[in-house]
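Q: The file below is query29.cif, mmCIF, C-alpha atoms:
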data_upload
loop_
_atom_site.group_PDB
_atom_site.id
_atom_site.type_symbol
_atom_site.label_atom_id
_atom_site.label_comp_id
_atom_site.auth_asym_id
_atom_site.auth_seq_id
_atom_site.Cartn_x
_atom_site.Cartn_y
_atom_site.Cartn_z
ATOM 1 C CA MET V 1 14.224 29.454 12.850
ATOM 2 C CA SER V 2 15.584 26.461 14.737
ATOM 3 C CA LYS V 3 14.374 22.945 14.146
ATOM 4 C CA GLN V 4 12.217 21.235 16.726
ATOM 5 C CA PHE V 5 12.522 17.538 17.404
ATOM 6 C CA LYS V 6 10.410 14.998 19.219
ATOM 7 C CA GLN V 7 11.011 11.390 20.168
ATOM 8 C CA ILE V 8 8.325 8.982 19.023
ATOM 9 C CA HIS V 9 7.692 5.288 19.541
ATOM 10 C CA CYS V 10 5.963 3.283 16.825
ATOM 11 C CA THR V 11 5.912 -0.140 15.233
ATOM 12 C CA ILE V 12 7.194 -0.359 11.663
ATOM 13 C CA ASN V 13 6.667 -3.642 9.833
ATOM 14 C CA GLY V 14 6.313 -5.489 13.123
ATOM 15 C CA LYS V 15 9.390 -4.001 14.818
ATOM 16 C CA GLU V 16 9.111 -1.512 17.647
ATOM 17 C CA ARG V 17 11.079 1.643 16.972
ATOM 18 C CA ASP V 18 12.101 4.686 18.971
ATOM 19 C CA VAL V 19 13.263 7.581 16.840
ATOM 20 C CA VAL V 20 13.778 11.317 17.142
ATOM 21 C CA VAL V 21 12.029 13.174 14.331
ATOM 22 C CA ASP V 22 11.935 16.720 13.045
ATOM 23 C CA VAL V 23 8.382 17.827 13.869
ATOM 24 C CA ARG V 24 8.011 19.075 10.274
ATOM 25 C CA ALA V 25 9.105 15.815 8.632
ATOM 26 C CA SER V 26 6.644 13.663 6.730
ATOM 27 C CA LEU V 27 6.182 9.991 7.446
ATOM 28 C CA THR V 28 7.517 9.361 3.932
ATOM 29 C CA ASP V 29 10.795 11.037 4.868
ATOM 30 C CA LEU V 30 11.037 9.077 8.122
ATOM 31 C CA LEU V 31 10.409 5.723 6.442
ATOM 32 C CA ARG V 32 12.728 6.343 3.490
ATOM 33 C CA ASN V 33 15.547 8.250 5.172
ATOM 34 C CA ASP V 34 15.709 6.672 8.626
ATOM 35 C CA PHE V 35 14.655 3.105 7.806
ATOM 36 C CA THR V 36 15.526 2.818 4.070
ATOM 37 C CA LEU V 37 12.034 1.568 3.235
ATOM 38 C CA THR V 38 12.218 2.537 -0.400
ATOM 39 C CA SER V 39 8.898 1.019 -1.395
ATOM 40 C CA VAL V 40 7.429 4.235 0.017
ATOM 41 C CA LYS V 41 7.782 6.411 -3.058
ATOM 42 C CA LYS V 42 8.031 10.176 -3.286
ATOM 43 C CA GLY V 43 5.675 11.107 -6.086
ATOM 44 C CA CYS V 44 3.637 14.273 -5.936
ATOM 45 C CA GLU V 45 4.283 14.958 -2.219
ATOM 46 C CA VAL V 46 0.818 16.517 -1.884
ATOM 47 C CA GLY V 47 -1.346 13.417 -1.385
ATOM 48 C CA GLU V 48 -2.629 13.120 -4.946
ATOM 49 C CA CYS V 49 -0.780 10.192 -6.567
ATOM 50 C CA GLY V 50 -0.849 7.435 -3.914
ATOM 51 C CA ALA V 51 2.757 6.315 -4.494
ATOM 52 C CA CYS V 52 3.594 6.826 -0.806
ATOM 53 C CA THR V 53 0.637 4.853 0.594
ATOM 54 C CA VAL V 54 1.253 2.900 3.794
ATOM 55 C CA LEU V 55 -1.073 1.288 6.303
ATOM 56 C CA ILE V 56 -1.318 3.004 9.670
ATOM 57 C CA ASP V 57 -3.200 0.891 12.200
ATOM 58 C CA GLY V 58 -4.636 -0.994 9.226
ATOM 59 C CA GLU V 59 -5.863 2.049 7.305
ATOM 60 C CA ALA V 60 -4.311 3.342 4.076
ATOM 61 C CA PHE V 61 -2.778 6.813 4.271
ATOM 62 C CA ASN V 62 -0.691 8.977 1.965
ATOM 63 C CA SER V 63 2.471 9.165 4.047
ATOM 64 C CA CYS V 64 3.664 12.317 2.270
ATOM 65 C CA ILE V 65 0.986 14.398 4.011
ATOM 66 C CA TYR V 66 1.113 12.505 7.302
ATOM 67 C CA LEU V 67 3.578 14.015 9.752
ATOM 68 C CA ALA V 68 6.089 11.615 11.268
ATOM 69 C CA VAL V 69 5.224 12.842 14.779
ATOM 70 C CA TRP V 70 1.653 11.637 14.249
ATOM 71 C CA ALA V 71 3.021 8.084 13.978
ATOM 72 C CA ASP V 72 3.737 8.060 17.716
ATOM 73 C CA GLY V 73 2.067 4.955 19.156
ATOM 74 C CA LYS V 74 0.941 3.732 15.723
ATOM 75 C CA GLU V 75 1.552 0.541 13.792
ATOM 76 C CA ILE V 76 2.906 1.243 10.321
ATOM 77 C CA LEU V 77 3.055 -1.285 7.524
ATOM 78 C CA THR V 78 4.906 -0.805 4.244
ATOM 79 C CA LEU V 79 5.237 -3.113 1.252
ATOM 80 C CA GLU V 80 8.374 -4.612 2.805
ATOM 81 C CA GLY V 81 6.261 -5.688 5.793
ATOM 82 C CA LEU V 82 3.917 -7.779 3.636
ATOM 83 C CA MET V 83 6.584 -10.333 2.836
ATOM 84 C CA GLY V 84 6.867 -13.541 4.809
ATOM 85 C CA PRO V 85 9.750 -14.294 7.202
ATOM 86 C CA HIS V 86 11.871 -15.807 4.427
ATOM 87 C CA GLY V 87 11.121 -13.139 1.823
ATOM 88 C CA GLU V 88 8.155 -14.921 0.271
ATOM 89 C CA LEU V 89 5.622 -12.654 -1.381
ATOM 90 C CA SER V 90 2.130 -12.138 -0.029
ATOM 91 C CA ASP V 91 -0.806 -13.299 -2.127
ATOM 92 C CA ILE V 92 -1.556 -9.799 -3.381
ATOM 93 C CA GLN V 93 2.079 -9.186 -4.351
ATOM 94 C CA GLN V 94 2.123 -12.479 -6.266
ATOM 95 C CA ALA V 95 -1.185 -11.613 -7.933
ATOM 96 C CA PHE V 96 0.309 -8.397 -9.296
ATOM 97 C CA ILE V 97 3.069 -10.466 -10.883
ATOM 98 C CA ASP V 98 0.695 -13.171 -12.149
ATOM 99 C CA GLU V 99 -1.622 -10.611 -13.731
ATOM 100 C CA THR V 100 1.248 -8.578 -15.214
ATOM 101 C CA ALA V 101 0.010 -5.575 -13.279
ATOM 102 C CA VAL V 102 3.562 -4.251 -12.968
ATOM 103 C CA GLN V 103 5.241 -2.245 -15.682
ATOM 104 C CA CYS V 104 7.585 0.503 -14.477
ATOM 105 C CA GLY V 105 6.622 -0.398 -10.897
ATOM 106 C CA PHE V 106 6.717 3.083 -9.368
ATOM 107 C CA CYS V 107 3.047 3.167 -8.350
ATOM 108 C CA ILE V 108 2.730 -0.510 -7.447
ATOM 109 C CA PRO V 109 3.733 -0.404 -3.745
ATOM 110 C CA GLY V 110 1.025 2.184 -3.064
ATOM 111 C CA PHE V 111 -1.578 0.211 -5.010
ATOM 112 C CA ILE V 112 -0.675 -2.971 -3.130
ATOM 113 C CA MET V 113 -0.933 -1.245 0.246
ATOM 114 C CA SER V 114 -4.397 0.104 -0.569
ATOM 115 C CA ALA V 115 -5.363 -3.310 -1.928
ATOM 116 C CA SER V 116 -4.202 -4.844 1.351
ATOM 117 C CA GLU V 117 -6.577 -2.617 3.294
ATOM 118 C CA ILE V 118 -9.409 -3.506 0.908
ATOM 119 C CA LEU V 119 -8.697 -7.244 1.130
ATOM 120 C CA GLU V 120 -8.428 -7.206 4.926
ATOM 121 C CA SER V 121 -12.023 -5.954 5.128
ATOM 122 C CA GLY V 122 -13.243 -9.429 4.176
ATOM 123 C CA LYS V 123 -15.940 -7.881 1.998
ATOM 124 C CA LEU V 124 -16.920 -8.808 -1.538
ATOM 125 C CA TYR V 125 -16.711 -5.708 -3.714
ATOM 126 C CA THR V 126 -17.914 -5.231 -7.261
ATOM 127 C CA ARG V 127 -15.376 -4.278 -9.899
ATOM 128 C CA LYS V 128 -16.901 -0.790 -9.949
ATOM 129 C CA GLU V 129 -16.451 -0.485 -6.176
ATOM 130 C CA LEU V 130 -12.848 -1.695 -6.398
ATOM 131 C CA ARG V 131 -12.147 0.856 -9.118
ATOM 132 C CA LYS V 132 -13.445 3.612 -6.847
ATOM 133 C CA LEU V 133 -11.528 2.308 -3.808
ATOM 134 C CA LEU V 134 -8.288 2.367 -5.822
ATOM 135 C CA SER V 135 -8.995 5.730 -7.461
ATOM 136 C CA GLY V 136 -6.525 7.571 -5.218
ATOM 137 C CA HIS V 137 -3.637 6.140 -7.221
ATOM 138 C CA LEU V 138 -2.135 7.326 -10.454
ATOM 139 C CA CYS V 139 -0.431 4.966 -12.870
ATOM 140 C CA ARG V 140 1.229 6.098 -16.067
ATOM 141 C CA CYS V 141 1.841 2.661 -17.582
ATOM 142 C CA THR V 142 -0.680 -0.097 -16.945
ATOM 143 C CA GLY V 143 -4.083 1.296 -17.754
ATOM 144 C CA TYR V 144 -5.330 -0.078 -14.429
ATOM 145 C CA GLU V 145 -7.156 -3.150 -15.765
ATOM 146 C CA ASN V 146 -4.483 -5.675 -14.760
ATOM 147 C CA ILE V 147 -4.255 -4.031 -11.340
ATOM 148 C CA LEU V 148 -8.012 -4.455 -10.914
ATOM 149 C CA ASN V 149 -7.745 -8.073 -12.083
ATOM 150 C CA ALA V 150 -5.055 -8.795 -9.480
ATOM 151 C CA VAL V 151 -7.030 -7.252 -6.634
ATOM 152 C CA GLU V 152 -10.322 -8.814 -7.681
ATOM 153 C CA LYS V 153 -8.874 -12.306 -8.138
ATOM 154 C CA THR V 154 -7.125 -12.127 -4.763
ATOM 155 C CA MET V 155 -10.360 -10.976 -3.140
ATOM 156 C CA TYR V 156 -12.285 -13.942 -4.578
ATOM 157 C CA LYS V 157 -9.554 -16.390 -3.514
ATOM 158 C CA ARG V 158 -9.390 -15.009 0.033
ATOM 159 C CA LEU V 159 -13.162 -15.223 0.338
ATOM 160 C CA GLY V 160 -13.117 -18.807 -0.966
ATOM 161 C CA LEU V 161 -15.401 -17.916 -3.860
ATOM 162 C CA GLU V 162 -15.276 -19.094 -7.432
ATOM 163 C CA LEU V 163 -13.996 -16.509 -9.892
ATOM 164 C CA PRO V 164 -16.678 -14.939 -12.078
ATOM 165 C CA GLU V 165 -16.527 -16.115 -15.680
ATOM 166 C CA TYR V 166 -15.078 -12.845 -16.975
ATOM 167 C CA LEU V 167 -12.100 -13.248 -14.592
ATOM 168 C CA GLN V 168 -11.628 -16.906 -15.480
ATOM 169 C CA ASP V 169 -11.284 -15.903 -19.113
ATOM 170 C CA LEU V 170 -8.470 -13.552 -18.104
ATOM 171 C CA SER V 171 -6.540 -16.193 -16.170
ATOM 172 C CA VAL V 172 -2.904 -16.458 -17.087
ATOM 173 C CA LYS V 173 -1.803 -20.097 -16.976
#
The structure given in the file should be rewritten as structure tokens.
A:
Amino acid sequence: MSKQFKQIHCTINGKERDVVVDVRASLTDLLRNDFTLTSVKKGCEVGECGACTVLIDGEAFNSCIYLAVWADGKEILTLEGLMGPHGELSDIQQAFIDETAVQCGFCIPGFIMSASEILESGKLYTRKELRKLLSGHLCRCTGYENILNAVEKTMYKRLGLELPEYLQDLSVK
């Protein structure tokens, strides 16, 4: 069986791209192999672990089960695209560091991309709601609490709200 290819046009981390893709290739493969965006991790490759999460037109998707050809005309954002023009970290990336939410780091890019979608909504979520919104990610190291702290604290800061007392008690300073 011969391979079939298609040219697509998309925006990746703010840069317009034209690329020829194998119609069977996943978006994960395109991002890692063609653009060396290694924050997009290959974990389970069946959409269960969340390590490959990227934003497509502002919505979080598991890129391992999203075909590269479907990215035609889309805007794709990876962890590398969250950084400022001089490599400065975004607020949510810094929060993960501040809250020691990073251990081995394998799952973190996916968590941060989902958190970015959550934070862009401009809504105030309860801790229980945040836990559910992040439930599509598996982490073997952190136990999730510090990840939740990072997302919740960033949410409160972005909304200009005072941290609840239980989060203030957890502040690292």
Q: Which polymer residues, protein or nucleic acid, are no farther than 8 Å from (3.5, 5.5, 18.0), counting all atoms listed in the file, as a list in words?
A: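 It turns out the residues near that spot are Ile8, His9, Cys10, Thr11, Trp70, Ala71, Asp72, Gly73, Lys74 and Glu75 of chain V.
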Q: Find the residue from V:Cys49, V:Ser114, V:Cys64, V:Pro164 that sits nearest to Arg140 in chain V; use only C-alpha atoms when measuring.
A: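 With only C-alpha atoms as the atom set, the closest residue is V:Cys49.
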Q: For CA of Leu27 in chain V and CA of Glu59 in chain V, determine how far apart the two atoms are, in Å to one decimal place.
A: 14.4 Å
Q: Name the closest residue to Phe96 in chain V among the candidates V:Ala115, V:Leu159, V:Ile56, V:Leu124; distances are taken between atoms, counting all atoms listed in the file.
A: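 When distances to Phe96 in chain V are compared using all atoms listed in the file, the smallest one comes from V:Ala115.
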Q: Taking the file as shown, what set of residues would the PyMOL selection byres ((chain V and resi 66) around 10) give back, as an MDAnalysis selection string?
A: chainID V and resid 24:28 47 61:65 67:71
Q: Enclose the full set of atoms of range 148-159 of chain V listed in the file within a box whose edges lie along x, y and z, apply 8 Å of padding to each of the six sides, and report centre and edge lengths in Å to one decimal as JSON.
A:
{"center_x": -9.1, "center_y": -10.4, "center_z": -5.9, "size_x": 24.1, "size_y": 27.9, "size_z": 28.4}
